[in-house]
Amino acid sequence: MTAEVPPQSSASLWRPNRQRSKQIQNLVVVITGAFAAISILTTLGIVATLMFETFEFFREVPFWNFLTDRRWTPLFSSKQFGIFVLISATVLTSVIAILVALPLGLLAAICLSEYAQPKTRRILKPVLEILAGIPSVVFGYFALLTVTPFLQSFIPNLQGFNALSAGLILGISITPLVASLSEDAIYSVPQSLRDGSYALGATRRETITAVVLPAALSGIVASLILAVSRAIGETMIVTLAAGQNPTLGLNPFVPVMTMTAYIVQVSLGDTPVGSLAFKTIFAVGMTLFLMTLVLNLFSFWFVRRFREKYE
Amino acid sequence: MTINTSQELASGDAASGKENFDQNLAGRYRADSMFQAAAWGAVAIAIAVLVWLLVDVLIDGLPHLDLQFITSFPSRRAESAGIAAALAGTLWVMALVALISFPIGVGAGIYMEEFSKDSWFNRFIEVNISNLAGVPSIIYGLLGLAAFVQLMGPLTGGRSVISGALTLVLLILPIIIVATREALRSVPDSIRQAGFALGATRWEVVWAHVLPSSLPGILTGVILALSRAIGETAPLIAIGALTFVPFRPEGLRSPFTVLPIQVYNWVSRPQAEFHSIAAAAIIGLLIVLLGMNGIAIYLRNHFQKSR
């Protein structure tokens with residue numbers, strides 16, 4: 001009788017404070033939600049920054065000149081702002097890079113998912129990841145000081161700075177991206193499709209090229225577009241190895257200046273804030289941002305559209 | 001010989017429509033093995049370039065890598081130049097990036113995976129994050145230049161350690177968020193259900209059970225994101241990190257340089273001696289990176305085995 005009812009105070013210890021739990025949870029949701037919203041603030045910040053300074057830029061430089069000038073000399077006394085000079089260099093290095101990264105990356109992906117034994121695969125994948133993790137400035141060092149002299153030994157008219165070795169090494173640097181994204185796409189093709197192909201008497205290569213690759217096409221194309229976008233935005237390799245010489249044209253043997261290399265050139269100089277040269281880096285940045293944005297959106301759209309077909 | 005084989009096979013197969021049933025097995029198998037060789041060749045080329053790069057850097061850089069090199073400040077003469085300032089700057093920036101990006105990135109990941117409902121706002125965040133991952137890093141540099149160096153200049157001290165760190169934080173947040181979400185998703189739902197059955201709130205379940213068991217996965221992602229940040233050069237150049245810094249950073253608002261910028265500075269000089277010490281600095285950078293990648297790979301393997 002005496003030990004039956006526990007004292008009131010200790011009973012309250014056993015009752016969880018649900019009110020407080022809920023309050024803590026609400027607080028956590030608000031805080032973590034704010035953290036998630038930082039990503040939106042980042043995007044808004046990027047767009048606002050670029051638009052503001054680009055707008056300022058176009059108050060001084062006519063948009064038409066930006067598109068039609070055939071020279072890029074914002075730092076000289078006779079200023080010309082032909083953005084296509086920088087775009088041509090960017091396109092040139094990116095095209096060379098893709099010509100390297102597409103076959104290498106796709107074949108490496110096929111090798112990893114179709115040919116390599118699981119044990120070999122466990123070794124090869126981290127090696128490719130190391131390649132992906134090497135800082136671009138190291139690739140720039142390699143392209144400028146090793147690959148260019150090597151190429152010069154059999155291309156005599158190759159200059160010290162050139163789009164060719166920059167593009168080649170840029171391609172090597174994005175190969176792991178193509179390989180790992182394509183491998184995900186290839187790996188997720190159902191085994192039954194392969195078995196069906198084998199049952200019809202197809203060989204392994206025929207199965208891969210005629211069944212597996214088409215089935216994985218959306219993922220492969222998406223990986224390729226992302227790689228192009230990465231190549232366009234890559235900075236240190238092209239700044240170091242392709243040079244700082246804005247020339248219009250698609251000759252891979254001479255120095256060229258990409259959009260990113262121009263931004264670096266101005267950032268390293270002592271351009272006063274608010275000057276026209278300072279605003280040009282935002283106009284160039286805007287162009288770069290729009291090009292990569294279009295590519296990324298296209299990649300998303302492509303994946304969604306073609307996934308529906310195969311599901 | 002090959003033609004004989006294929007004709008034999010074809011005639012054995014069917015009499016009519018010989019071209020259609022010409023299997024040419026030998027030719028097809030030869031194409032097969034060529035294709036297989038090409039696939040292995042691609043992997044071999046990638047690895048060969050990696051080895052070439054590493055050997056090249058090691059041969060050029062190893063002779064210069066000594067204690068004097070690590071403890072000296074940059075100099076106009078290559079023999080007496082060192083990476084003390086860049087190393088200290090890298091450590092400062094990395095510590096700050098880790099401290100800031102870990103709670104924010106993991107918090108945002110938790111929100112999106114555990115708390116967010118399917119509203120337009122959350123879908124927008126989702127699309128937004130995957131878009132941010134595709135923005136070139138130098139654009140983040142322009143954002144950092146406008147936001148942290150100019151707009152918040154009085155607070156951050158302009159081209160300072162904290163401006164650089166905040167810029168890199170924005171750059172790697174999408175990576176950490178995606179990695180966190182994947183780690184949280186891999187925790188079995190039964191653990192959550194058990195927690196709810198005992199009357200815990202969602203946050204209590206996440207804090208006490210889901211987070212601890214997904215922590216290795218989250219850490220793997222965070223380390224990989226940090227090792228990306230260590231190697232980033234372009235955004236820091238864009239915000240105006242200095243290339244010649246003969247001192248260690250003294251506080252959050254101090255000017256700074258980092259290893260990749262020091263490497264860039266030395267590589268872009270015409271003198272060959274500077275190229276050699278650039279290789280030595282690259283070795284230092286790669287050792288840090290490989291160490292971090294090693295930890296990440298170890299964590300991932302460990303995590304996969306224990307599940």
# chains A, B, ... in the order shown; residues from 1 in each chain; ligands from 1
$ residues_around --residues "range 83-97 of chain B" --least-positions-apart "6" --cutoff "9 Å" --atoms "only C-alpha atoms" --output "PDB file with N, CA and C atoms, in the first residue's frame"
ATOM      1  N   PHE B  69      62.529  24.200 -48.274  1.00  0.00           N
ATOM      2  CA  PHE B  69      61.490  24.561 -49.242  1.00  0.00           C
ATOM      3  C   PHE B  69      60.141  24.754 -48.546  1.00  0.00           C
ATOM      4  N   ILE B  70      59.890  23.909 -47.539  1.00  0.00           N
ATOM      5  CA  ILE B  70      58.589  23.971 -46.871  1.00  0.00           C
ATOM      6  C   ILE B  70      58.510  25.175 -45.933  1.00  0.00           C
ATOM      7  N   THR B  71      59.644  25.596 -45.408  1.00  0.00           N
ATOM      8  CA  THR B  71      59.597  26.651 -44.394  1.00  0.00           C
ATOM      9  C   THR B  71      59.979  28.026 -44.945  1.00  0.00           C
ATOM     10  N   SER B  72      60.292  28.136 -46.244  1.00  0.00           N
ATOM     11  CA  SER B  72      60.688  29.435 -46.780  1.00  0.00           C
ATOM     12  C   SER B  72      59.508  30.140 -47.433  1.00  0.00           C
ATOM     13  N   PHE B  73      59.623  31.458 -47.484  1.00  0.00           N
ATOM     14  CA  PHE B  73      58.616  32.247 -48.165  1.00  0.00           C
ATOM     15  C   PHE B  73      59.018  32.421 -49.631  1.00  0.00           C
ATOM     16  N   PRO B  74      58.071  32.830 -50.500  1.00  0.00           N
ATOM     17  CA  PRO B  74      58.428  32.998 -51.904  1.00  0.00           C
ATOM     18  C   PRO B  74      59.534  34.044 -52.061  1.00  0.00           C
ATOM     19  N   VAL B 161      41.351  35.783 -46.358  1.00  0.00           N
ATOM     20  CA  VAL B 161      41.152  34.355 -46.155  1.00  0.00           C
ATOM     21  C   VAL B 161      39.673  34.015 -46.093  1.00  0.00           C
ATOM     22  N   ILE B 162      38.912  34.824 -45.358  1.00  0.00           N
ATOM     23  CA  ILE B 162      37.504  34.468 -45.167  1.00  0.00           C
ATOM     24  C   ILE B 162      36.719  34.633 -46.473  1.00  0.00           C
ATOM     25  N   GLY B 164      37.923  34.130 -49.490  1.00  0.00           N
ATOM     26  CA  GLY B 164      38.265  32.953 -50.282  1.00  0.00           C
ATOM     27  C   GLY B 164      37.536  31.719 -49.790  1.00  0.00           C
ATOM     28  N   ALA B 165      37.496  31.561 -48.450  1.00  0.00           N
ATOM     29  CA  ALA B 165      36.851  30.373 -47.889  1.00  0.00           C
ATOM     30  C   ALA B 165      35.361  30.367 -48.216  1.00  0.00           C
ATOM     31  N   LEU B 166      34.705  31.528 -48.070  1.00  0.00           N
ATOM     32  CA  LEU B 166      33.263  31.579 -48.344  1.00  0.00           C
ATOM     33  C   LEU B 166      32.977  31.263 -49.815  1.00  0.00           C
ATOM     34  N   THR B 167      33.837  31.768 -50.694  1.00  0.00           N
ATOM     35  CA  THR B 167      33.659  31.470 -52.120  1.00  0.00           C
ATOM     36  C   THR B 167      33.728  29.971 -52.374  1.00  0.00           C
ATOM     37  N   LEU B 168      34.752  29.321 -51.761  1.00  0.00           N
ATOM     38  CA  LEU B 168      34.893  27.876 -51.972  1.00  0.00           C
ATOM     39  C   LEU B 168      33.742  27.108 -51.320  1.00  0.00           C
ATOM     40  N   VAL B 169      33.224  27.632 -50.189  1.00  0.00           N
ATOM     41  CA  VAL B 169      32.087  26.975 -49.542  1.00  0.00           C
ATOM     42  C   VAL B 169      30.906  26.916 -50.503  1.00  0.00           C
ATOM     43  N   LEU B 226      36.006  18.540 -50.100  1.00  0.00           N
ATOM     44  CA  LEU B 226      37.121  19.361 -49.610  1.00  0.00           C
ATOM     45  C   LEU B 226      38.345  19.199 -50.501  1.00  0.00           C
ATOM     46  N   ALA B 229      38.006  21.339 -53.278  1.00  0.00           N
ATOM     47  CA  ALA B 229      38.250  22.741 -52.935  1.00  0.00           C
ATOM     48  C   ALA B 229      39.743  23.046 -52.835  1.00  0.00           C
ATOM     49  N   ILE B 230      40.531  22.086 -52.323  1.00  0.00           N
ATOM     50  CA  ILE B 230      41.974  22.317 -52.197  1.00  0.00           C
ATOM     51  C   ILE B 230      42.597  22.612 -53.549  1.00  0.00           C
ATOM     52  N   VAL B 245      53.037  36.382 -51.686  1.00  0.00           N
ATOM     53  CA  VAL B 245      52.687  36.665 -50.297  1.00  0.00           C
ATOM     54  C   VAL B 245      53.828  36.207 -49.403  1.00  0.00           C
ATOM     55  N   PRO B 246      54.670  37.102 -48.931  1.00  0.00           N
ATOM     56  CA  PRO B 246      55.810  36.675 -48.113  1.00  0.00           C
ATOM     57  C   PRO B 246      55.476  36.620 -46.624  1.00  0.00           C
ATOM     58  N   PHE B 247      54.273  36.185 -46.265  1.00  0.00           N
ATOM     59  CA  PHE B 247      53.920  36.074 -44.842  1.00  0.00           C
ATOM     60  C   PHE B 247      52.800  35.054 -44.690  1.00  0.00           C
ATOM     61  N   ARG B 248      52.613  34.570 -43.463  1.00  0.00           N
ATOM     62  CA  ARG B 248      51.507  33.657 -43.204  1.00  0.00           C
ATOM     63  C   ARG B 248      50.267  34.475 -42.842  1.00  0.00           C
ATOM     64  N   PRO B 249      49.071  33.977 -43.152  1.00  0.00           N
ATOM     65  CA  PRO B 249      47.869  34.709 -42.744  1.00  0.00           C
ATOM     66  C   PRO B 249      47.815  34.807 -41.222  1.00  0.00           C
ATOM     67  N   GLY B 251      44.961  36.233 -39.574  1.00  0.00           N
ATOM     68  CA  GLY B 251      43.587  36.204 -39.089  1.00  0.00           C
ATOM     69  C   GLY B 251      42.650  36.023 -40.259  1.00  0.00           C
ATOM     70  N   LEU B 252      41.339  36.060 -39.955  1.00  0.00           N
ATOM     71  CA  LEU B 252      40.348  35.832 -40.999  1.00  0.00           C
ATOM     72  C   LEU B 252      40.430  36.879 -42.094  1.00  0.00           C
ATOM     73  N   PRO B 255      45.296  38.968 -45.976  1.00  0.00           N
ATOM     74  CA  PRO B 255      45.539  38.504 -47.350  1.00  0.00           C
ATOM     75  C   PRO B 255      46.207  37.126 -47.320  1.00  0.00           C
ATOM     76  N   PHE B 256      46.102  36.399 -48.415  1.00  0.00           N
ATOM     77  CA  PHE B 256      46.588  35.019 -48.386  1.00  0.00           C
ATOM     78  C   PHE B 256      46.928  34.553 -49.794  1.00  0.00           C
ATOM     79  N   THR B 257      47.620  33.425 -49.856  1.00  0.00           N
ATOM     80  CA  THR B 257      47.733  32.690 -51.107  1.00  0.00           C
ATOM     81  C   THR B 257      47.565  31.213 -50.767  1.00  0.00           C
ATOM     82  N   VAL B 258      47.350  30.385 -51.788  1.00  0.00           N
ATOM     83  CA  VAL B 258      47.213  28.948 -51.545  1.00  0.00           C
ATOM     84  C   VAL B 258      48.146  28.199 -52.482  1.00  0.00           C
ATOM     85  N   LEU B 259      48.344  26.926 -52.213  1.00  0.00           N
ATOM     86  CA  LEU B 259      49.293  26.129 -53.004  1.00  0.00           C
ATOM     87  C   LEU B 259      49.028  26.182 -54.513  1.00  0.00           C
ATOM     88  N   PRO B 260      47.774  25.949 -54.976  1.00  0.00           N
ATOM     89  CA  PRO B 260      47.579  25.961 -56.430  1.00  0.00           C
ATOM     90  C   PRO B 260      47.948  27.310 -57.057  1.00  0.00           C
ATOM     91  N   ILE B 261      47.673  28.400 -56.354  1.00  0.00           N
ATOM     92  CA  ILE B 261      48.020  29.704 -56.916  1.00  0.00           C
ATOM     93  C   ILE B 261      49.532  29.871 -56.961  1.00  0.00           C
ATOM     94  N   GLN B 262      50.213  29.379 -55.916  1.00  0.00           N
ATOM     95  CA  GLN B 262      51.673  29.424 -55.910  1.00  0.00           C
ATOM     96  C   GLN B 262      52.228  28.613 -57.080  1.00  0.00           C
ATOM     97  N   ALA B 281      56.182  21.951 -55.400  1.00  0.00           N
ATOM     98  CA  ALA B 281      54.945  22.372 -54.735  1.00  0.00           C
ATOM     99  C   ALA B 281      53.783  21.469 -55.132  1.00  0.00           C
ATOM    100  N   GLY B 284      53.744  18.440 -53.011  1.00  0.00           N
ATOM    101  CA  GLY B 284      53.105  18.722 -51.731  1.00  0.00           C
ATOM    102  C   GLY B 284      51.594  18.708 -51.831  1.00  0.00           C
ATOM    103  N   LEU B 285      51.091  19.363 -52.881  1.00  0.00           N
ATOM    104  CA  LEU B 285      49.642  19.434 -53.102  1.00  0.00           C
ATOM    105  C   LEU B 285      49.053  18.034 -53.307  1.00  0.00           C
TER     106      LEU B 285
END
$ interface_residues --of "chain A" --to "chain B" --cutoff "6 Å" --atoms "only C-alpha atoms" --output "PyMOL selection string"
chain A and resi 25+32-33+35-36+46+104+107-108+111+135+205+233+267
$ select_by_dssp --residues "range 21-235 of chain A" --states "helix (DSSP H, G or I)" --output "number ranges by chain"
A: 21-60, 63-68, 83-115, 118-133, 136-152, 163-187, 191-199, 204-215, 217-233
$ residues_around --residues "range 159-171 of chain A" --least-positions-apart "4" --cutoff "8 Å" --atoms "only C-alpha atoms" --output "PDB file with N, CA, C and O atoms, in the first residue's frame"
ATOM      1  N   ALA A  89      38.303  30.536 -79.402  1.00  0.00           N
ATOM      2  CA  ALA A  89      39.352  29.808 -78.686  1.00  0.00           C
ATOM      3  C   ALA A  89      38.751  28.778 -77.745  1.00  0.00           C
ATOM      4  O   ALA A  89      39.223  27.638 -77.642  1.00  0.00           O
ATOM      5  N   LEU A  92      37.468  25.929 -79.744  1.00  0.00           N
ATOM      6  CA  LEU A  92      38.575  25.139 -80.286  1.00  0.00           C
ATOM      7  C   LEU A  92      39.137  24.177 -79.238  1.00  0.00           C
ATOM      8  O   LEU A  92      39.241  22.967 -79.474  1.00  0.00           O
ATOM      9  N   THR A  93      39.471  24.690 -78.051  1.00  0.00           N
ATOM     10  CA  THR A  93      40.032  23.802 -77.019  1.00  0.00           C
ATOM     11  C   THR A  93      39.001  22.766 -76.592  1.00  0.00           C
ATOM     12  O   THR A  93      39.348  21.609 -76.341  1.00  0.00           O
ATOM     13  N   SER A  94      37.725  23.168 -76.515  1.00  0.00           N
ATOM     14  CA  SER A  94      36.702  22.219 -76.073  1.00  0.00           C
ATOM     15  C   SER A  94      36.498  21.105 -77.098  1.00  0.00           C
ATOM     16  O   SER A  94      36.313  19.945 -76.720  1.00  0.00           O
ATOM     17  N   VAL A  95      36.534  21.466 -78.393  1.00  0.00           N
ATOM     18  CA  VAL A  95      36.340  20.439 -79.422  1.00  0.00           C
ATOM     19  C   VAL A  95      37.488  19.425 -79.371  1.00  0.00           C
ATOM     20  O   VAL A  95      37.266  18.204 -79.404  1.00  0.00           O
ATOM     21  N   ILE A  96      38.731  19.932 -79.251  1.00  0.00           N
ATOM     22  CA  ILE A  96      39.866  19.004 -79.147  1.00  0.00           C
ATOM     23  C   ILE A  96      39.689  18.114 -77.923  1.00  0.00           C
ATOM     24  O   ILE A  96      39.903  16.894 -77.973  1.00  0.00           O
ATOM     25  N   ALA A  97      39.260  18.732 -76.815  1.00  0.00           N
ATOM     26  CA  ALA A  97      39.085  17.965 -75.574  1.00  0.00           C
ATOM     27  C   ALA A  97      38.051  16.859 -75.754  1.00  0.00           C
ATOM     28  O   ALA A  97      38.259  15.725 -75.306  1.00  0.00           O
ATOM     29  N   ILE A  98      36.944  17.185 -76.428  1.00  0.00           N
ATOM     30  CA  ILE A  98      35.891  16.181 -76.592  1.00  0.00           C
ATOM     31  C   ILE A  98      36.353  15.071 -77.532  1.00  0.00           C
ATOM     32  O   ILE A  98      36.046  13.892 -77.334  1.00  0.00           O
ATOM     33  N   LEU A  99      37.140  15.440 -78.567  1.00  0.00           N
ATOM     34  CA  LEU A  99      37.655  14.416 -79.478  1.00  0.00           C
ATOM     35  C   LEU A  99      38.534  13.423 -78.720  1.00  0.00           C
ATOM     36  O   LEU A  99      38.664  12.262 -79.111  1.00  0.00           O
ATOM     37  N   VAL A 100      39.153  13.859 -77.631  1.00  0.00           N
ATOM     38  CA  VAL A 100      39.940  12.950 -76.810  1.00  0.00           C
ATOM     39  C   VAL A 100      39.049  12.214 -75.811  1.00  0.00           C
ATOM     40  O   VAL A 100      39.110  10.992 -75.667  1.00  0.00           O
ATOM     41  N   ALA A 101      38.190  12.981 -75.132  1.00  0.00           N
ATOM     42  CA  ALA A 101      37.460  12.417 -74.000  1.00  0.00           C
ATOM     43  C   ALA A 101      36.335  11.481 -74.422  1.00  0.00           C
ATOM     44  O   ALA A 101      36.031  10.525 -73.705  1.00  0.00           O
ATOM     45  N   PHE A 139      47.420  19.744 -64.218  1.00  0.00           N
ATOM     46  CA  PHE A 139      47.289  19.405 -65.632  1.00  0.00           C
ATOM     47  C   PHE A 139      47.859  20.514 -66.504  1.00  0.00           C
ATOM     48  O   PHE A 139      48.451  20.254 -67.568  1.00  0.00           O
ATOM     49  N   GLY A 140      47.672  21.769 -66.064  1.00  0.00           N
ATOM     50  CA  GLY A 140      48.206  22.894 -66.821  1.00  0.00           C
ATOM     51  C   GLY A 140      49.724  22.838 -66.881  1.00  0.00           C
ATOM     52  O   GLY A 140      50.332  23.038 -67.942  1.00  0.00           O
ATOM     53  N   ALA A 143      50.631  20.063 -69.286  1.00  0.00           N
ATOM     54  CA  ALA A 143      50.397  20.405 -70.694  1.00  0.00           C
ATOM     55  C   ALA A 143      51.461  21.362 -71.198  1.00  0.00           C
ATOM     56  O   ALA A 143      52.009  21.186 -72.287  1.00  0.00           O
ATOM     57  N   LEU A 144      51.788  22.369 -70.388  1.00  0.00           N
ATOM     58  CA  LEU A 144      52.712  23.410 -70.845  1.00  0.00           C
ATOM     59  C   LEU A 144      54.145  22.908 -70.900  1.00  0.00           C
ATOM     60  O   LEU A 144      54.869  23.157 -71.864  1.00  0.00           O
ATOM     61  N   VAL A 147      53.856  18.128 -72.269  1.00  0.00           N
ATOM     62  CA  VAL A 147      53.189  17.689 -73.485  1.00  0.00           C
ATOM     63  C   VAL A 147      53.568  18.566 -74.677  1.00  0.00           C
ATOM     64  O   VAL A 147      53.843  18.051 -75.762  1.00  0.00           O
ATOM     65  N   THR A 148      53.625  19.885 -74.454  1.00  0.00           N
ATOM     66  CA  THR A 148      53.993  20.763 -75.573  1.00  0.00           C
ATOM     67  C   THR A 148      55.390  20.452 -76.118  1.00  0.00           C
ATOM     68  O   THR A 148      55.539  20.260 -77.331  1.00  0.00           O
ATOM     69  N   PRO A 149      56.441  20.367 -75.275  1.00  0.00           N
ATOM     70  CA  PRO A 149      57.753  19.983 -75.818  1.00  0.00           C
ATOM     71  C   PRO A 149      57.723  18.632 -76.516  1.00  0.00           C
ATOM     72  O   PRO A 149      58.368  18.446 -77.561  1.00  0.00           O
ATOM     73  N   LEU A 151      55.135  17.237 -78.089  1.00  0.00           N
ATOM     74  CA  LEU A 151      54.480  17.394 -79.387  1.00  0.00           C
ATOM     75  C   LEU A 151      55.358  18.153 -80.363  1.00  0.00           C
ATOM     76  O   LEU A 151      55.363  17.874 -81.566  1.00  0.00           O
ATOM     77  N   GLN A 152      56.138  19.116 -79.827  1.00  0.00           N
ATOM     78  CA  GLN A 152      57.004  19.905 -80.709  1.00  0.00           C
ATOM     79  C   GLN A 152      58.066  19.049 -81.378  1.00  0.00           C
ATOM     80  O   GLN A 152      58.581  19.414 -82.440  1.00  0.00           O
ATOM     81  N   THR A 175      38.061  13.051 -69.156  1.00  0.00           N
ATOM     82  CA  THR A 175      37.781  11.644 -69.467  1.00  0.00           C
ATOM     83  C   THR A 175      37.130  10.896 -68.295  1.00  0.00           C
ATOM     84  O   THR A 175      36.159  10.164 -68.496  1.00  0.00           O
ATOM     85  N   ALA A 231      34.420  21.442 -70.074  1.00  0.00           N
ATOM     86  CA  ALA A 231      35.564  21.866 -70.886  1.00  0.00           C
ATOM     87  C   ALA A 231      35.490  23.361 -71.182  1.00  0.00           C
ATOM     88  O   ALA A 231      36.506  24.058 -71.164  1.00  0.00           O
ATOM     89  N   GLU A 234      36.456  25.190 -67.917  1.00  0.00           N
ATOM     90  CA  GLU A 234      37.770  24.888 -67.340  1.00  0.00           C
ATOM     91  C   GLU A 234      38.721  26.080 -67.535  1.00  0.00           C
ATOM     92  O   GLU A 234      38.728  26.728 -68.586  1.00  0.00           O
ATOM     93  N   ILE A 237      44.027  24.953 -67.088  1.00  0.00           N
ATOM     94  CA  ILE A 237      44.764  24.276 -68.151  1.00  0.00           C
ATOM     95  C   ILE A 237      44.916  25.208 -69.350  1.00  0.00           C
ATOM     96  O   ILE A 237      46.015  25.393 -69.874  1.00  0.00           O
ATOM     97  N   VAL A 238      43.799  25.821 -69.754  1.00  0.00           N
ATOM     98  CA  VAL A 238      43.862  26.669 -70.944  1.00  0.00           C
ATOM     99  C   VAL A 238      44.614  27.963 -70.660  1.00  0.00           C
ATOM    100  O   VAL A 238      45.300  28.499 -71.532  1.00  0.00           O
ATOM    101  N   ALA A 241      48.409  26.706 -70.654  1.00  0.00           N
ATOM    102  CA  ALA A 241      48.995  26.053 -71.822  1.00  0.00           C
ATOM    103  C   ALA A 241      48.569  26.651 -73.149  1.00  0.00           C
ATOM    104  O   ALA A 241      49.289  26.541 -74.131  1.00  0.00           O
ATOM    105  N   ALA A 242      47.379  27.295 -73.203  1.00  0.00           N
ATOM    106  CA  ALA A 242      46.923  27.811 -74.493  1.00  0.00           C
ATOM    107  C   ALA A 242      47.369  29.241 -74.726  1.00  0.00           C
ATOM    108  O   ALA A 242      47.303  29.735 -75.844  1.00  0.00           O
ATOM    109  N   GLY A 243      47.796  29.918 -73.668  1.00  0.00           N
ATOM    110  CA  GLY A 243      48.348  31.241 -73.852  1.00  0.00           C
ATOM    111  C   GLY A 243      47.363  32.356 -73.561  1.00  0.00           C
ATOM    112  O   GLY A 243      46.249  32.117 -73.095  1.00  0.00           O
ATOM    113  N   ASN A 251      43.031  27.757 -85.571  1.00  0.00           N
ATOM    114  CA  ASN A 251      44.322  27.107 -85.765  1.00  0.00           C
ATOM    115  C   ASN A 251      44.824  26.587 -84.412  1.00  0.00           C
ATOM    116  O   ASN A 251      45.077  27.370 -83.507  1.00  0.00           O
ATOM    117  N   PRO A 252      44.957  25.276 -84.259  1.00  0.00           N
ATOM    118  CA  PRO A 252      45.325  24.738 -82.950  1.00  0.00           C
ATOM    119  C   PRO A 252      46.805  24.879 -82.613  1.00  0.00           C
ATOM    120  O   PRO A 252      47.210  24.540 -81.507  1.00  0.00           O
ATOM    121  N   PHE A 253      47.627  25.369 -83.560  1.00  0.00           N
ATOM    122  CA  PHE A 253      49.069  25.386 -83.313  1.00  0.00           C
ATOM    123  C   PHE A 253      49.561  26.713 -82.741  1.00  0.00           C
ATOM    124  O   PHE A 253      50.725  26.829 -82.382  1.00  0.00           O
ATOM    125  N   VAL A 254      48.703  27.709 -82.675  1.00  0.00           N
ATOM    126  CA  VAL A 254      49.143  29.029 -82.209  1.00  0.00           C
ATOM    127  C   VAL A 254      48.496  29.343 -80.864  1.00  0.00           C
ATOM    128  O   VAL A 254      47.517  28.708 -80.475  1.00  0.00           O
ATOM    129  N   PRO A 255      49.065  30.321 -80.126  1.00  0.00           N
ATOM    130  CA  PRO A 255      48.461  30.688 -78.851  1.00  0.00           C
ATOM    131  C   PRO A 255      47.080  31.314 -79.046  1.00  0.00           C
ATOM    132  O   PRO A 255      46.887  32.081 -79.991  1.00  0.00           O
ATOM    133  N   VAL A 256      46.166  30.992 -78.171  1.00  0.00           N
ATOM    134  CA  VAL A 256      44.829  31.580 -78.217  1.00  0.00           C
ATOM    135  C   VAL A 256      44.444  31.973 -76.795  1.00  0.00           C
ATOM    136  O   VAL A 256      45.114  31.598 -75.829  1.00  0.00           O
TER     137      VAL A 256
END
$ atom_distance --atom1 "CA of Ile176 in chain B" --atom2 "CA of Ile110 in chain A"
28.5 Å
$ closest_residue --among "A:Pro246, A:Ala202, A:Ile281, A:Asn296" --to "Trp72 in chain A" --atoms "only C-alpha atoms"
A:Pro246
$ atom_distance --atom1 "CA of Leu112 in chain A" --atom2 "CA of Val222 in chain B"
25.9 Å
$ atom_distance --atom1 "CA of Leu276 in chain A" --atom2 "CA of Lys79 in chain A"
10.1 Å
$ residues_around --residues "Phe66 in chain A" --least-positions-apart "4" --cutoff "8 Å" --atoms "only C-alpha atoms" --output "list in words"
Val61, Pro62, Phe81, Gly82 and Ile83 of chain A
